2 protein chains.
Amino acid sequence: MAPAPNFGPREREVLNAIIEAYILTGEPIGSRSLSRANSEGLSPASIRNVMSDLTETGYLEQPHTSAGRVPTAEAYRYYVTQIANRSRSISDVDQGVIESGLKDASDLAGFMERTSHVLSQISQRVGVAVAGGPKEVLEHIHFTRLGDNRVLAVVITKSGVVRDKMLRLEHELSAADLDIAARYLNENFRGWAMGNLRTELQKRIEQERSEYDRLMRSLQALYKHGALADDRHVQDVYLEGAANLIGNADQERLREILKTLEEKQRVAELLGAYLDANQEQVRVVFGLEEFEPQLKDFVLIGSPAKANGEVVGSLAVIGPMRIDYQHAITAVSYITQLFEKFTQE
Amino acid sequence: MAPAPNFGPREREVLNAIIEAYILTGEPIGSRSLSRANSEGLSPASIRNVMSDLTETGYLEQPHTSAGRVPTAEAYRYYVTQIANRSRSISDVDQGVIESGLKDASDLAGFMERTSHVLSQISQRVGVAVAGGPKEVLEHIHFTRLGDNRVLAVVITKSGVVRDKMLRLEHELSAADLDIAARYLNENFRGWAMGNLRTELQKRIEQERSEYDRLMRSLQALYKHGALADDRHVQDVYLEGAANLIGNADQERLREILKTLEEKQRVAELLGAYLDANQEQVRVVFGLEEFEPQLKDFVLIGSPAKANGEVVGSLAVIGPMRIDYQHAITAVSYITQLFEKFTQE
DNA sequence: CTTTAGCACTCTCGCACCCGGAGTGCTATT
DNA sequence: AATAGCACTCCGGGTGCGAGAGTGCTAAAG
């Protein structure tokens with residue numbers, strides 16, 4: 001509750017010890033076992049007093065009277081601020097897992113897929129990687145006639161995301177018309193962010209009142225049918241490790257969670273909502289239930305993925321609050337760096 | 001066991017009744033309740049005799065003595081042959097679900113994604129849709145320079161699958177070189193199956209001994225780096241409804257199954273292995289454990305998806321043997337027809 | 001005033017036990 | 001051949017009990 005907890009060193013140590021023990025074992029921690037584990041010597045009774053205080057200030061909970069204590073969301077929040085100040089060097093074994101997992105990724109899609117895999121492996125939770133978004137920059141666009149009034153639009157962005165969409169037009173457009181439209185877009189908009197491009201193009205189409213301008217008519221038809229993709233359909237989501245959630249909840253809850261995570265676009269929105277383009281570090285977000293009630297007591301550990309300074313995706317671990325934060329944070333951080341190297345020209 | 005079961009009408013009826021009741025309730029079926037449900041009147045004792053026979057011939061099992069009977073794989077196999085002869089008309093409500101679920105699919109990827117969703121919804125099991133494969137026919141290929149020796153290859157197939165791959169070449173190729181290579185491929189190989197195309201191209205490259213042929217050198221570089229995609233990386237897999245498997249197995253088993261289904265390429269292989277290009281109907285496959293031990297006691301209900309006569313993907317429902325076969329079969333069958341309409345020129 | 005030891009109390013969990021319900025197999029009867 | 005009756009089996013749920021772990025409180029010790 002208190003945003004700036006008034007802990008003495010005693011309280012802090014006990015709290016940290018409880019959190020770490022709980023993350024390890026998953027079972028409520030009692031004063032006796034804690035005193036035994038922590039060789040510093042501090043009798044169970046004293047620990048009990050501290051625990052009692054921490055329970056009152058809302059950092060600990062008891063599943064039932066005469067059970068051990070369990071950390072609350074507030075406790076984890078505090079714990080993470082502690083961790084942020086520690087050394088952030090990644091362990092050798094994690095580094096090995098990541099590099100061997102990502103080494104033969106050749107394209108962006110492959111990199112993202114492997115990233116979600118590696119993240120789930122290291123964290124033993126759910127790994128997510130999202131590619132794309134409205135900030136993506138146009139590299140090249142191409143239209144292909146498929147006959148029967150259908151056109152396939154392929155958009156390639158600078159970071160290497162490829163987006164294709166089949167359009168069903170009302171009227172036939174000739175191959176020449178399509179070529180002209182593509183050339184116009186490539187020449188005028190190469191290097192534009194997709195979001196800006198869409199609004200600008202819309203403006204130009206509206207300004208061009210002469211109904212007989214052949215090019216503009218083509219563009220309008222193509223644009224109207226979504227050749228440049230809507231914001232929400234422009235993201236690839238790679239998600240792995242759902243199986244790791246088994247055992248953390250009862251069946252009904254588990255089913256709800258899996259259903260939620262299966263809606264990949266929703267997951268992409270989640271990351272988008274909580275990860276900030278300006279953030280420099282990995283962010284740990286509690287309170288996901290504000291966005292999605294099913295994810296109560298879950299935590300998001302994520303970072304935007306940048307290519308040449310622009311955000312082109314995000315990486316994250318999602319799981320229950322009982323999670324090895326140190327591991328997860330360093331892993332996300334490390335992969336973020338690899339991503340920048342991977343995509344830089 | 002017996003490939004041609006020597007059932008009298010009595011046995012057949014009892015067996016069918018047991019299977020249907022078990023599919024409905026999921027609990028072992030006893031003679032008493034069966035006699036009560038089936039108003040035809042046939043005393044529990046008589047039913048017991050029949051059951052006893054069926055147990056000996058391997059069509060029924062008892063979880064333990066003095067429990068009801070449960071159908072074996074053999075029983076389901078037999079049951080499905082029965083169903084194949086019944087009316088295959090789809091129910092109105094299923095039809096509604098399918099059509100509303102698929103109606104605003106504009107491109108192939110969207111269609112397949114919705115298909116997996118709809119299939120999982122109707123069957124209450126796992127829905128799978130796979131797009132692509134070596135039989136896909138080339139419509140158009142395009143190369144884009146991305147700088148730093150990297151080239152993005154985009155392959156569009158006749159049915160609308162788009163496949164992109166980023167290549168890292170040893171030597172730079174100019175935009176002009178890439179255009180020439182793309183034009184060569186488009187002019188010579190449009191309409192070829194990707195599998196044949198690859199082998200033919202390889203042959204031509206080898207025949208062309210003159211090291212100084214610029215075009216062939218470009219093609220070789222592009223081909224070597226997989227511009228035309230390997231067989232196994234050429235398939236998009238859409239899988240939904242994993243959450244529906246909860247409750248059908250204990251936690252450990254469930255975890256294994258989810259892990260297995262997360263390996264999408266493996267799932268694609270599974271469908272490829274059991275669905276035959278020549279089959280005209282929906283196929284029901286038991287004994288998946290031969291392919292993947294984790295899928296013991298699971299069943300595959302699937303069909304290849306054809307576009308203009310060529311197999312370009314597959315649709316299926318996967319789940320435990322206790323499944324509503326009638327529903328699932330008609331749904332897969334119906335969507336297969338929709339798919340053909342959707343893709344035909 | 002803080003820390004610690006002691007003690008009574010509480011709650012869960014595992015185990016043994018019992019009993020009712022559902023189902024079976026067998027036998028005698030129609 | 002079909003059925004009614006009957007003894008038997010097994011699971012599952014409910015109950016009772018004791019061990020273990022943990023707590024809160026109080027009183028003594030530093």
# chains A, B, ... in the order shown; residues from 1 in each chain; ligands from 1

call {"tool": "interface_residues", "arguments": {"of": "chain D", "to": "chain B", "cutoff": "8 Å", "atoms": "only C-alpha atoms (C1' of nucleotides)", "output": "JSON, numbers by chain"}}
result
{"D": [2, 3, 9, 10]}

call {"tool": "write_last_selection", "arguments": {"atoms": "N, CA and C atoms (P, O5', C5', C4', C3', O3' and C1' of nucleotides)", "output": "PDB file, in the first residue's frame"}}
result
ATOM      1  P    DA D   2     -32.242 -63.783 -26.804  1.00  0.00           P
ATOM      2  O5'  DA D   2     -33.068 -63.418 -25.484  1.00  0.00           O
ATOM      3  C5'  DA D   2     -34.472 -63.282 -25.588  1.00  0.00           C
ATOM      4  C4'  DA D   2     -35.046 -63.226 -24.200  1.00  0.00           C
ATOM      5  C3'  DA D   2     -34.514 -62.080 -23.331  1.00  0.00           C
ATOM      6  O3'  DA D   2     -35.618 -61.357 -22.819  1.00  0.00           O
ATOM      7  C1'  DA D   2     -34.413 -64.125 -22.160  1.00  0.00           C
ATOM      8  P    DT D   3     -35.406 -60.022 -22.023  1.00  0.00           P
ATOM      9  O5'  DT D   3     -35.588 -60.509 -20.525  1.00  0.00           O
ATOM     10  C5'  DT D   3     -36.811 -61.105 -20.149  1.00  0.00           C
ATOM     11  C4'  DT D   3     -36.708 -61.646 -18.743  1.00  0.00           C
ATOM     12  C3'  DT D   3     -36.230 -60.634 -17.693  1.00  0.00           C
ATOM     13  O3'  DT D   3     -37.096 -60.735 -16.582  1.00  0.00           O
ATOM     14  C1'  DT D   3     -35.038 -62.623 -17.500  1.00  0.00           C
ATOM     15  P    DT D   9     -16.167 -60.878  -3.060  1.00  0.00           P
ATOM     16  O5'  DT D   9     -15.980 -59.650  -4.049  1.00  0.00           O
ATOM     17  C5'  DT D   9     -16.047 -59.858  -5.460  1.00  0.00           C
ATOM     18  C4'  DT D   9     -15.880 -58.531  -6.163  1.00  0.00           C
ATOM     19  C3'  DT D   9     -14.844 -57.613  -5.521  1.00  0.00           C
ATOM     20  O3'  DT D   9     -14.030 -57.093  -6.553  1.00  0.00           O
ATOM     21  C1'  DT D   9     -16.907 -56.465  -5.750  1.00  0.00           C
ATOM     22  P    DC D  10     -12.569 -56.525  -6.176  1.00  0.00           P
ATOM     23  O5'  DC D  10     -12.771 -54.978  -6.395  1.00  0.00           O
ATOM     24  C5'  DC D  10     -13.240 -54.516  -7.671  1.00  0.00           C
ATOM     25  C4'  DC D  10     -13.833 -53.152  -7.502  1.00  0.00           C
ATOM     26  C3'  DC D  10     -12.937 -52.175  -6.730  1.00  0.00           C
ATOM     27  O3'  DC D  10     -12.510 -51.158  -7.616  1.00  0.00           O
ATOM     28  C1'  DC D  10     -15.237 -52.030  -6.078  1.00  0.00           C
TER      29       DC D  10
END

call {"tool": "residues_around", "arguments": {"residues": "His327 of chain B", "least_positions_apart": "4", "cutoff": "8 Å", "atoms": "only C-alpha atoms (C1' of nucleotides)", "output": "CSV table (one decimal) with C-alpha atoms, in the first residue's frame"}}
result
chain,number,residue,atom,x,y,z
B,90,ILE,CA,-24.8,-30.7,-41.6
B,122,ILE,CA,-17.8,-27.0,-33.0
B,123,SER,CA,-15.9,-30.0,-32.0
B,331,ALA,CA,-18.0,-29.9,-40.0

call {"tool": "closest_atom_pairs", "arguments": {"of": "chain B", "to": "chain C", "cutoff": "12 Å", "atoms": "only C-alpha atoms (C1' of nucleotides)", "output": "JSON lines"}}
result
{"residue": "B:Pro28", "atom": "CA", "partner": "C:DG23", "partner_atom": "C1'", "distance": 10.2}
{"residue": "B:Ile29", "atom": "CA", "partner": "C:DG23", "partner_atom": "C1'", "distance": 9.3}
{"residue": "B:Gly30", "atom": "CA", "partner": "C:DG23", "partner_atom": "C1'", "distance": 6.3}
{"residue": "B:Ser31", "atom": "CA", "partner": "C:DG23", "partner_atom": "C1'", "distance": 7.6}
{"residue": "B:Arg32", "atom": "CA", "partner": "C:DG23", "partner_atom": "C1'", "distance": 8.1}
{"residue": "B:Ser33", "atom": "CA", "partner": "C:DA22", "partner_atom": "C1'", "distance": 9.5}
{"residue": "B:Leu34", "atom": "CA", "partner": "C:DG23", "partner_atom": "C1'", "distance": 11.8}
{"residue": "B:Pro44", "atom": "CA", "partner": "C:DG23", "partner_atom": "C1'", "distance": 10.4}
{"residue": "B:Ala45", "atom": "CA", "partner": "C:DT24", "partner_atom": "C1'", "distance": 9.9}
{"residue": "B:Ile47", "atom": "CA", "partner": "C:DT24", "partner_atom": "C1'", "distance": 11.6}
{"residue": "B:Arg48", "atom": "CA", "partner": "C:DT24", "partner_atom": "C1'", "distance": 8.1}
{"residue": "B:Asn49", "atom": "CA", "partner": "C:DG25", "partner_atom": "C1'", "distance": 9.5}
{"residue": "B:Met51", "atom": "CA", "partner": "C:DT24", "partner_atom": "C1'", "distance": 10.6}
{"residue": "B:Ser52", "atom": "CA", "partner": "C:DG25", "partner_atom": "C1'", "distance": 9.5}
{"residue": "B:Gln62", "atom": "CA", "partner": "C:DT24", "partner_atom": "C1'", "distance": 10.6}
{"residue": "B:Pro63", "atom": "CA", "partner": "C:DG23", "partner_atom": "C1'", "distance": 11.8}
{"residue": "B:His64", "atom": "CA", "partner": "C:DG23", "partner_atom": "C1'", "distance": 10.3}
{"residue": "B:Thr65", "atom": "CA", "partner": "C:DT24", "partner_atom": "C1'", "distance": 7.3}
{"residue": "B:Ser66", "atom": "CA", "partner": "C:DG23", "partner_atom": "C1'", "distance": 4.7}
{"residue": "B:Ala67", "atom": "CA", "partner": "C:DG23", "partner_atom": "C1'", "distance": 5.5}
{"residue": "B:Gly68", "atom": "CA", "partner": "C:DG23", "partner_atom": "C1'", "distance": 6.3}
{"residue": "B:Arg69", "atom": "CA", "partner": "C:DG23", "partner_atom": "C1'", "distance": 9.5}

call {"tool": "write_last_selection", "arguments": {"atoms": "N, CA and C atoms", "output": "PDB file, in the first residue's frame"}}
result
ATOM      1  N   PRO B  28     -18.243 -44.467 -17.497  1.00  0.00           N
ATOM      2  CA  PRO B  28     -18.498 -45.865 -17.861  1.00  0.00           C
ATOM      3  C   PRO B  28     -19.991 -46.173 -17.844  1.00  0.00           C
ATOM      4  N   ILE B  29     -20.439 -46.962 -18.797  1.00  0.00           N
ATOM      5  CA  ILE B  29     -21.866 -47.231 -18.965  1.00  0.00           C
ATOM      6  C   ILE B  29     -22.207 -48.609 -18.390  1.00  0.00           C
ATOM      7  N   GLY B  30     -23.214 -48.645 -17.537  1.00  0.00           N
ATOM      8  CA  GLY B  30     -23.641 -49.908 -16.948  1.00  0.00           C
ATOM      9  C   GLY B  30     -24.883 -50.450 -17.617  1.00  0.00           C
ATOM     10  N   SER B  31     -25.126 -51.707 -17.400  1.00  0.00           N
ATOM     11  CA  SER B  31     -26.252 -52.350 -18.074  1.00  0.00           C
ATOM     12  C   SER B  31     -27.583 -51.758 -17.625  1.00  0.00           C
ATOM     13  N   ARG B  32     -27.682 -51.483 -16.348  1.00  0.00           N
ATOM     14  CA  ARG B  32     -28.946 -50.972 -15.815  1.00  0.00           C
ATOM     15  C   ARG B  32     -29.340 -49.642 -16.463  1.00  0.00           C
ATOM     16  N   SER B  33     -28.422 -48.687 -16.416  1.00  0.00           N
ATOM     17  CA  SER B  33     -28.747 -47.364 -16.941  1.00  0.00           C
ATOM     18  C   SER B  33     -29.012 -47.442 -18.444  1.00  0.00           C
ATOM     19  N   LEU B  34     -28.294 -48.300 -19.111  1.00  0.00           N
ATOM     20  CA  LEU B  34     -28.492 -48.439 -20.546  1.00  0.00           C
ATOM     21  C   LEU B  34     -29.893 -48.972 -20.827  1.00  0.00           C
ATOM     22  N   PRO B  44     -31.638 -55.513 -18.226  1.00  0.00           N
ATOM     23  CA  PRO B  44     -30.226 -55.362 -17.884  1.00  0.00           C
ATOM     24  C   PRO B  44     -29.466 -56.667 -18.015  1.00  0.00           C
ATOM     25  N   ALA B  45     -30.088 -57.748 -17.609  1.00  0.00           N
ATOM     26  CA  ALA B  45     -29.383 -59.029 -17.643  1.00  0.00           C
ATOM     27  C   ALA B  45     -28.987 -59.409 -19.059  1.00  0.00           C
ATOM     28  N   ILE B  47     -28.595 -57.422 -21.571  1.00  0.00           N
ATOM     29  CA  ILE B  47     -27.544 -56.502 -21.994  1.00  0.00           C
ATOM     30  C   ILE B  47     -26.204 -56.939 -21.410  1.00  0.00           C
ATOM     31  N   ARG B  48     -26.253 -57.400 -20.204  1.00  0.00           N
ATOM     32  CA  ARG B  48     -25.005 -57.856 -19.573  1.00  0.00           C
ATOM     33  C   ARG B  48     -24.351 -58.961 -20.384  1.00  0.00           C
ATOM     34  N   ASN B  49     -25.187 -59.883 -20.867  1.00  0.00           N
ATOM     35  CA  ASN B  49     -24.628 -60.963 -21.667  1.00  0.00           C
ATOM     36  C   ASN B  49     -23.925 -60.425 -22.904  1.00  0.00           C
ATOM     37  N   MET B  51     -22.809 -57.460 -23.389  1.00  0.00           N
ATOM     38  CA  MET B  51     -21.614 -56.725 -22.960  1.00  0.00           C
ATOM     39  C   MET B  51     -20.456 -57.670 -22.700  1.00  0.00           C
ATOM     40  N   SER B  52     -20.774 -58.745 -22.059  1.00  0.00           N
ATOM     41  CA  SER B  52     -19.725 -59.709 -21.736  1.00  0.00           C
ATOM     42  C   SER B  52     -19.040 -60.199 -23.008  1.00  0.00           C
ATOM     43  N   GLN B  62     -13.391 -52.601 -19.040  1.00  0.00           N
ATOM     44  CA  GLN B  62     -13.829 -52.141 -17.729  1.00  0.00           C
ATOM     45  C   GLN B  62     -12.669 -51.456 -17.037  1.00  0.00           C
ATOM     46  N   PRO B  63     -12.867 -50.248 -16.552  1.00  0.00           N
ATOM     47  CA  PRO B  63     -11.807 -49.583 -15.784  1.00  0.00           C
ATOM     48  C   PRO B  63     -11.439 -50.452 -14.578  1.00  0.00           C
ATOM     49  N   HIS B  64     -12.403 -51.109 -14.009  1.00  0.00           N
ATOM     50  CA  HIS B  64     -12.160 -52.025 -12.904  1.00  0.00           C
ATOM     51  C   HIS B  64     -13.383 -52.926 -12.816  1.00  0.00           C
ATOM     52  N   THR B  65     -13.211 -54.074 -12.245  1.00  0.00           N
ATOM     53  CA  THR B  65     -14.383 -54.932 -12.112  1.00  0.00           C
ATOM     54  C   THR B  65     -15.444 -54.196 -11.322  1.00  0.00           C
ATOM     55  N   SER B  66     -16.660 -54.438 -11.703  1.00  0.00           N
ATOM     56  CA  SER B  66     -17.821 -53.784 -11.096  1.00  0.00           C
ATOM     57  C   SER B  66     -17.905 -52.301 -11.421  1.00  0.00           C
ATOM     58  N   ALA B  67     -17.306 -51.921 -12.523  1.00  0.00           N
ATOM     59  CA  ALA B  67     -17.581 -50.598 -13.060  1.00  0.00           C
ATOM     60  C   ALA B  67     -18.302 -50.830 -14.380  1.00  0.00           C
ATOM     61  N   GLY B  68     -18.827 -49.804 -14.973  1.00  0.00           N
ATOM     62  CA  GLY B  68     -19.473 -49.947 -16.263  1.00  0.00           C
ATOM     63  C   GLY B  68     -18.437 -50.219 -17.347  1.00  0.00           C
ATOM     64  N   ARG B  69     -18.897 -50.293 -18.588  1.00  0.00           N
ATOM     65  CA  ARG B  69     -17.982 -50.561 -19.685  1.00  0.00           C
ATOM     66  C   ARG B  69     -17.644 -49.277 -20.429  1.00  0.00           C
TER      67      ARG B  69
END

call {"tool": "residues_around", "arguments": {"residues": "Leu258 of chain B", "least_positions_apart": "6", "cutoff": "12 Å", "atoms": "only C-alpha atoms (C1' of nucleotides)", "output": "list in words"}}
result
Glu240, Gly241, Ala242, Ala243, Asn244, Leu245, Ile246 and Leu258 of chain A; Val126, Leu239, Glu240, Gly241, Ala242, Ala243, Asn244, Leu245, Ile246, Ala249, Gln251, Glu252, Lys264, Val267, Gln294, Leu295 and Gly319 of chain B

call {"tool": "atom_distance", "arguments": {"atom1": "atom CA of Lys203 of chain A", "atom2": "atom CA of Val161 of chain A"}}
result
25.7 Å

call {"tool": "interface_residues", "arguments": {"of": "chain A", "to": "chain B", "cutoff": "7 Å", "atoms": "only C-alpha atoms", "output": "PyMOL selection string"}}
result
chain A and resi 106-107+147-148+162+164-167+243+246+251+255+258-259+345

call {"tool": "atom_distance", "arguments": {"atom1": "atom CA of Leu102 of chain A", "atom2": "atom CA of Asp276 of chain A"}}
result
24.9 Å

call {"tool": "atom_distance", "arguments": {"atom1": "atom CA of Asn308 of chain A", "atom2": "atom CA of Leu138 of chain A"}}
result
13.8 Å

call {"tool": "select_by_dssp", "arguments": {"residues": "segment 22-208 of chain A", "states": "strand (DSSP E)", "output": "ChimeraX atom specification"}}
result
/A:60-61,70-71,126-131,138-147,150-157,162-168

call {"tool": "select_by_dssp", "arguments": {"residues": "segment 190-313 of chain A", "states": "helix (DSSP H, G or I)", "output": "PyMOL selection string"}}
result
chain A and resi 194-207+214-224+231-233+242-245+251-262+264-274+288-290+293-295

call {"tool": "residues_around", "arguments": {"residues": "segment 181-185 of chain B", "least_positions_apart": "4", "cutoff": "9 Å", "atoms": "only C-alpha atoms (C1' of nucleotides)", "output": "VMD selection string"}}
result
chain B and resid 140 to 143 176 to 177 189 to 190 215 to 216 218 to 219 222

call {"tool": "residues_around", "arguments": {"residues": "Tyr325 of chain A", "least_positions_apart": "4", "cutoff": "12 Å", "atoms": "only C-alpha atoms (C1' of nucleotides)", "output": "number ranges by chain"}}
result
A: 19-20, 23-24, 76-77, 79-84, 86, 88, 122-125, 282-285, 299-302, 317-321, 329-333

call {"tool": "write_last_selection", "arguments": {"atoms": "N, CA and C atoms", "output": "mmCIF file, in the first residue's frame"}}
result
data_model
loop_
_atom_site.group_PDB
_atom_site.id
_atom_site.type_symbol
_atom_site.label_atom_id
_atom_site.label_comp_id
_atom_site.auth_asym_id
_atom_site.auth_seq_id
_atom_site.Cartn_x
_atom_site.Cartn_y
_atom_site.Cartn_z
ATOM 1 N N ILE A 19 10.271 -14.027 0.039
ATOM 2 C CA ILE A 19 9.940 -14.022 -1.388
ATOM 3 C C ILE A 19 10.790 -15.033 -2.129
ATOM 4 N N GLU A 20 12.071 -15.022 -1.856
ATOM 5 C CA GLU A 20 12.933 -15.930 -2.605
ATOM 6 C C GLU A 20 12.629 -17.387 -2.290
ATOM 7 N N ILE A 23 9.377 -18.243 -4.087
ATOM 8 C CA ILE A 23 9.569 -18.421 -5.527
ATOM 9 C C ILE A 23 10.165 -19.798 -5.797
ATOM 10 N N LEU A 24 11.050 -20.200 -4.913
ATOM 11 C CA LEU A 24 11.710 -21.486 -5.099
ATOM 12 C C LEU A 24 10.765 -22.662 -4.864
ATOM 13 N N TYR A 76 5.972 -8.345 -4.202
ATOM 14 C CA TYR A 76 6.726 -8.591 -5.433
ATOM 15 C C TYR A 76 7.151 -7.269 -6.056
ATOM 16 N N ARG A 77 6.243 -6.330 -6.044
ATOM 17 C CA ARG A 77 6.548 -5.019 -6.606
ATOM 18 C C ARG A 77 7.798 -4.448 -5.939
ATOM 19 N N TYR A 79 10.041 -6.108 -4.248
ATOM 20 C CA TYR A 79 11.180 -6.991 -4.516
ATOM 21 C C TYR A 79 11.832 -6.631 -5.845
ATOM 22 N N VAL A 80 11.000 -6.351 -6.846
ATOM 23 C CA VAL A 80 11.537 -6.055 -8.163
ATOM 24 C C VAL A 80 12.340 -4.763 -8.149
ATOM 25 N N THR A 81 11.902 -3.765 -7.382
ATOM 26 C CA THR A 81 12.699 -2.540 -7.312
ATOM 27 C C THR A 81 14.067 -2.838 -6.708
ATOM 28 N N GLN A 82 14.105 -3.760 -5.779
ATOM 29 C CA GLN A 82 15.395 -4.181 -5.216
ATOM 30 C C GLN A 82 16.288 -4.755 -6.307
ATOM 31 N N ILE A 83 15.717 -5.692 -7.039
ATOM 32 C CA ILE A 83 16.477 -6.403 -8.059
ATOM 33 C C ILE A 83 17.037 -5.459 -9.100
ATOM 34 N N ALA A 84 16.273 -4.419 -9.418
ATOM 35 C CA ALA A 84 16.689 -3.491 -10.464
ATOM 36 C C ALA A 84 18.059 -2.902 -10.157
ATOM 37 N N ARG A 86 20.481 -4.472 -8.622
ATOM 38 C CA ARG A 86 21.549 -5.475 -8.548
ATOM 39 C C ARG A 86 22.305 -5.577 -9.861
ATOM 40 N N ARG A 88 23.228 -6.802 -13.327
ATOM 41 C CA ARG A 88 22.321 -7.353 -14.316
ATOM 42 C C ARG A 88 23.061 -8.263 -15.299
ATOM 43 N N ILE A 122 13.691 -20.538 -20.676
ATOM 44 C CA ILE A 122 14.477 -20.007 -19.563
ATOM 45 C C ILE A 122 13.603 -19.662 -18.361
ATOM 46 N N SER A 123 12.468 -19.059 -18.644
ATOM 47 C CA SER A 123 11.635 -18.601 -17.529
ATOM 48 C C SER A 123 10.742 -19.707 -16.999
ATOM 49 N N GLN A 124 10.622 -20.772 -17.757
ATOM 50 C CA GLN A 124 9.660 -21.830 -17.415
ATOM 51 C C GLN A 124 8.245 -21.274 -17.317
ATOM 52 N N ARG A 125 8.003 -20.233 -18.073
ATOM 53 C CA ARG A 125 6.669 -19.654 -18.143
ATOM 54 C C ARG A 125 6.331 -19.444 -19.620
ATOM 55 N N VAL A 282 14.114 -3.235 -19.135
ATOM 56 C CA VAL A 282 13.015 -4.189 -19.077
ATOM 57 C C VAL A 282 12.021 -3.694 -18.037
ATOM 58 N N ARG A 283 10.756 -3.815 -18.359
ATOM 59 C CA ARG A 283 9.735 -3.355 -17.421
ATOM 60 C C ARG A 283 8.981 -4.555 -16.845
ATOM 61 N N VAL A 284 8.684 -4.451 -15.552
ATOM 62 C CA VAL A 284 7.917 -5.504 -14.893
ATOM 63 C C VAL A 284 6.570 -4.921 -14.500
ATOM 64 N N VAL A 285 5.513 -5.499 -15.046
ATOM 65 C CA VAL A 285 4.179 -4.925 -14.845
ATOM 66 C C VAL A 285 3.300 -5.869 -14.020
ATOM 67 N N VAL A 299 1.985 -11.581 -14.104
ATOM 68 C CA VAL A 299 2.946 -10.496 -14.241
ATOM 69 C C VAL A 299 3.529 -10.532 -15.646
ATOM 70 N N LEU A 300 3.873 -9.365 -16.131
ATOM 71 C CA LEU A 300 4.449 -9.230 -17.463
ATOM 72 C C LEU A 300 5.858 -8.677 -17.323
ATOM 73 N N ILE A 301 6.809 -9.348 -17.925
ATOM 74 C CA ILE A 301 8.197 -8.894 -17.883
ATOM 75 C C ILE A 301 8.616 -8.686 -19.315
ATOM 76 N N GLY A 302 8.696 -7.441 -19.748
ATOM 77 C CA GLY A 302 8.889 -7.243 -21.170
ATOM 78 C C GLY A 302 9.642 -5.999 -21.535
ATOM 79 N N VAL A 317 7.929 -12.053 -21.133
ATOM 80 C CA VAL A 317 7.569 -13.280 -20.442
ATOM 81 C C VAL A 317 6.284 -12.983 -19.681
ATOM 82 N N ILE A 318 5.331 -13.900 -19.743
ATOM 83 C CA ILE A 318 4.105 -13.756 -18.972
ATOM 84 C C ILE A 318 3.956 -14.974 -18.080
ATOM 85 N N GLY A 319 3.544 -14.737 -16.864
ATOM 86 C CA GLY A 319 3.346 -15.865 -15.970
ATOM 87 C C GLY A 319 2.783 -15.398 -14.643
ATOM 88 N N PRO A 320 2.523 -16.330 -13.762
ATOM 89 C CA PRO A 320 2.057 -15.967 -12.427
ATOM 90 C C PRO A 320 3.156 -15.206 -11.693
ATOM 91 N N MET A 321 2.786 -14.514 -10.624
ATOM 92 C CA MET A 321 3.768 -13.669 -9.949
ATOM 93 C C MET A 321 4.911 -14.467 -9.344
ATOM 94 N N ILE A 329 14.263 -11.314 -16.142
ATOM 95 C CA ILE A 329 14.632 -9.954 -16.529
ATOM 96 C C ILE A 329 15.918 -9.940 -17.344
ATOM 97 N N THR A 330 16.918 -10.643 -16.864
ATOM 98 C CA THR A 330 18.177 -10.622 -17.612
ATOM 99 C C THR A 330 18.009 -11.272 -18.984
ATOM 100 N N ALA A 331 17.194 -12.309 -19.042
ATOM 101 C CA ALA A 331 16.999 -12.972 -20.338
ATOM 102 C C ALA A 331 16.330 -12.030 -21.328
ATOM 103 N N VAL A 332 15.266 -11.375 -20.901
ATOM 104 C CA VAL A 332 14.574 -10.444 -21.801
ATOM 105 C C VAL A 332 15.535 -9.337 -22.229
ATOM 106 N N SER A 333 16.272 -8.833 -21.257
ATOM 107 C CA SER A 333 17.192 -7.750 -21.558
ATOM 108 C C SER A 333 18.244 -8.182 -22.590
#

call {"tool": "decode", "arguments": {"residues": "segment 6-21 of chain C", "atoms": "C-alpha atoms (C1' of nucleotides)", "output": "PDB file, in the first residue's frame"}}
result
ATOM      1  C1'  DG C   6       7.607 -21.568  26.173  1.00  0.00           C
ATOM      2  C1'  DC C   7       3.004 -22.917  25.554  1.00  0.00           C
ATOM      3  C1'  DA C   8      -1.668 -23.411  24.144  1.00  0.00           C
ATOM      4  C1'  DC C   9      -4.237 -23.246  20.085  1.00  0.00           C
ATOM      5  C1'  DT C  10      -5.524 -23.836  15.131  1.00  0.00           C
ATOM      6  C1'  DC C  11      -5.625 -25.677  10.723  1.00  0.00           C
ATOM      7  C1'  DT C  12      -4.280 -28.928   7.125  1.00  0.00           C
ATOM      8  C1'  DC C  13      -3.198 -33.364   5.531  1.00  0.00           C
ATOM      9  C1'  DG C  14      -2.868 -38.174   5.377  1.00  0.00           C
ATOM     10  C1'  DC C  15      -4.753 -42.417   6.896  1.00  0.00           C
ATOM     11  C1'  DA C  16      -7.997 -45.776   8.344  1.00  0.00           C
ATOM     12  C1'  DC C  17     -12.572 -46.905   8.388  1.00  0.00           C
ATOM     13  C1'  DC C  18     -17.286 -47.438   7.091  1.00  0.00           C
ATOM     14  C1'  DC C  19     -21.157 -47.463   4.158  1.00  0.00           C
ATOM     15  C1'  DG C  20     -24.165 -46.760   0.183  1.00  0.00           C
ATOM     16  C1'  DG C  21     -24.558 -47.106  -4.727  1.00  0.00           C
TER      17       DG C  21
END
